[in-house]
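Here is the structure we will look at.
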Amino acid sequence: MSSRSLSAIVLLLGALIVACDASNGDRTQFFHNCRQNCERTNCSADGLEIQEQAVKFYQQSVFDRLFQWSCADECQYGCMWRTVLAFFERGWPIPQFYGKWPFLRLLGMQEPASVIFSCINFIVHLRMLRKFRREVRPDSPCYMLTHIFAVTSLNGWIWSAIFHTRDFPLTELLDYAFAYSIILCSLYVMVMRMLHRYSLFLRGVISLAFLSYYINYFAYLSVGRFNYAFNMMVNVATGVVAAVGWFVWCHFVRNRRPYFKRILRFYILMALAMSLELLDFPPILWILDAHALWHLATVPLASLYYDFMIEDCRTLRKEKAAAGGYSFYN
């Protein structure tokens, strides 16, 4: 145990003074041999149970057992750090493993910072939904639309926290699929907001089209090899369309709806926050990486979105009984 603690200290210091690039640590013979020897020595035949002689060494916490860290997982985790240490001692770039940077496990969580920030996002959306329900009357236009967005966001952040806690194929699929559902829902909200005075039939048809598209996209993600690049392009394209739609709306209503700045500010700041995803560096102190920072950056943005919807719903309710023609940009 003392050698493991010493290694952790060396690695923590190294993270602060070495500029590193990604490489494929899981493809090295060193990692492969380490993992193979570990599993043969310490694990049961199925790789799930830790053999009696190794139980004291691993000292799994209740959280490790709760989140199903098997013996094979422990071997992979331990050999990952041995490989990182070997790279560090030779002055080589810190490697990635299975497409991810090495993270220190905390309370059984694989990526603790992302888990914590995902939970904070969930709490913020829940608090803002409650604020919306307090300040907006149920008979206001777009009242249910905001609820749809809020429930979609809450679900997405739940699965984000689950995935970053334990990376399994199923949790990965649900994280990516429900993360996209939030972006697609933002586009849906934009379209329905523009058409809120049109017939229920038209809005129903468009809603079914959105739902059918998402179901088909979910099925696509579920079948065959997961295409990360394509999924990213779809997410970005959907977000851009939603942003452009709101920017056009803001341009036409800027003299009549001063609160348009809130939704404009939201999308501008969201675009800036997304730029964090373009960064790629080893986790600071092996906990905080660019993806975790992206989750952190989204925390204060939710209030901008809900504050806009609160003011918009209030305004639309006041105008609900007003006479006159309809403009697409109302």
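Chain labels A, B, ... are given in the sequence in which chains occur in the structure tokens; within each chain residues are numbered consecutively from 1, and ligands are likewise numbered from 1 in the order shown.
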Cut-off 12 Å: closest range 87-153 of chain A/range 185-191 of chain A atom pairs per residue, using only C-alpha atoms, as CSV:
residue,atom,partner,partner_atom,distance
A:Cys142,CA,A:Val189,CA,8.7
A:Tyr143,CA,A:Val189,CA,11.0
A:Met144,CA,A:Val189,CA,10.2
A:Leu145,CA,A:Val189,CA,6.4
A:Thr146,CA,A:Val189,CA,7.7
A:His147,CA,A:Val189,CA,10.3
A:Ile148,CA,A:Cys185,CA,7.9
A:Phe149,CA,A:Cys185,CA,6.1
A:Ala150,CA,A:Cys185,CA,9.5
A:Val151,CA,A:Cys185,CA,10.2
A:Thr152,CA,A:Cys185,CA,7.3
A:Ser153,CA,A:Cys185,CA,8.7
Taking N, CA and C atoms for each residue, export the selection above as an mmCIF file, in the first residue's frame.
data_model
loop_
_atom_site.group_PDB
_atom_site.id
_atom_site.type_symbol
_atom_site.label_atom_id
_atom_site.label_comp_id
_atom_site.auth_asym_id
_atom_site.auth_seq_id
_atom_site.Cartn_x
_atom_site.Cartn_y
_atom_site.Cartn_z
ATOM 1 N N CYS A 142 -46.841 28.437 -23.727
ATOM 2 C CA CYS A 142 -45.502 27.832 -23.617
ATOM 3 C C CYS A 142 -45.178 27.339 -22.206
ATOM 4 N N TYR A 143 -46.191 27.251 -21.346
ATOM 5 C CA TYR A 143 -45.975 26.761 -19.982
ATOM 6 C C TYR A 143 -45.489 25.317 -19.999
ATOM 7 N N MET A 144 -46.179 24.466 -20.739
ATOM 8 C CA MET A 144 -45.793 23.051 -20.809
ATOM 9 C C MET A 144 -44.501 22.862 -21.590
ATOM 10 N N LEU A 145 -44.245 23.780 -22.521
ATOM 11 C CA LEU A 145 -43.023 23.695 -23.323
ATOM 12 C C LEU A 145 -41.786 23.784 -22.426
ATOM 13 N N THR A 146 -41.831 24.681 -21.470
ATOM 14 C CA THR A 146 -40.715 24.811 -20.539
ATOM 15 C C THR A 146 -40.574 23.573 -19.676
ATOM 16 N N HIS A 147 -41.691 22.951 -19.299
ATOM 17 C CA HIS A 147 -41.638 21.720 -18.518
ATOM 18 C C HIS A 147 -40.996 20.585 -19.313
ATOM 19 N N ILE A 148 -41.304 20.528 -20.601
ATOM 20 C CA ILE A 148 -40.711 19.488 -21.449
ATOM 21 C C ILE A 148 -39.196 19.640 -21.486
ATOM 22 N N PHE A 149 -38.751 20.881 -21.663
ATOM 23 C CA PHE A 149 -37.308 21.126 -21.676
ATOM 24 C C PHE A 149 -36.679 20.779 -20.334
ATOM 25 N N ALA A 150 -37.331 21.170 -19.238
ATOM 26 C CA ALA A 150 -36.780 20.928 -17.906
ATOM 27 C C ALA A 150 -36.675 19.430 -17.614
ATOM 28 N N VAL A 151 -37.719 18.681 -17.903
ATOM 29 C CA VAL A 151 -37.708 17.234 -17.637
ATOM 30 C C VAL A 151 -36.655 16.545 -18.503
ATOM 31 N N THR A 152 -36.539 16.968 -19.755
ATOM 32 C CA THR A 152 -35.521 16.408 -20.648
ATOM 33 C C THR A 152 -34.125 16.686 -20.108
ATOM 34 N N SER A 153 -33.903 17.901 -19.625
ATOM 35 C CA SER A 153 -32.597 18.271 -19.077
ATOM 36 C C SER A 153 -32.294 17.498 -17.799
#
Enumerate, as a PyMOL selection string, the complete set of residues in range 180-308 of chain A that a backbone-based DSSP assignment places in helix (DSSP H, G or I).
-> chain A and resi 180-194+200-222+228-253+260-278+290-298+301-308
If we count only C-alpha atoms, what is near range 266-271 of chain A at a cut-off of 7 Å, once residues fewer than 4 positions away on the same chain are taken out, given as a list in words?
->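 Near neighbours after the sequence-gap exclusion: Ala243, Arg262, Ser275, Leu301, Leu304 and Tyr305 of chain A.
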Counting only C-alpha atoms, which of A:Ala242, A:Met80, A:Ile310, A:Ile162 gets nearest to Lys100 in chain A?
->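 For Lys100 in chain A, the nearest of the candidates is A:Met80.
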Option closest in space to Gln60 in chain A, from A:Leu48, A:Ala86, A:Leu107, A:Ala290 [counting only C-alpha atoms] =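 Between A:Leu48, A:Ala86, A:Leu107, A:Ala290, the residue approaching Gln60 in chain A most closely is A:Leu107.
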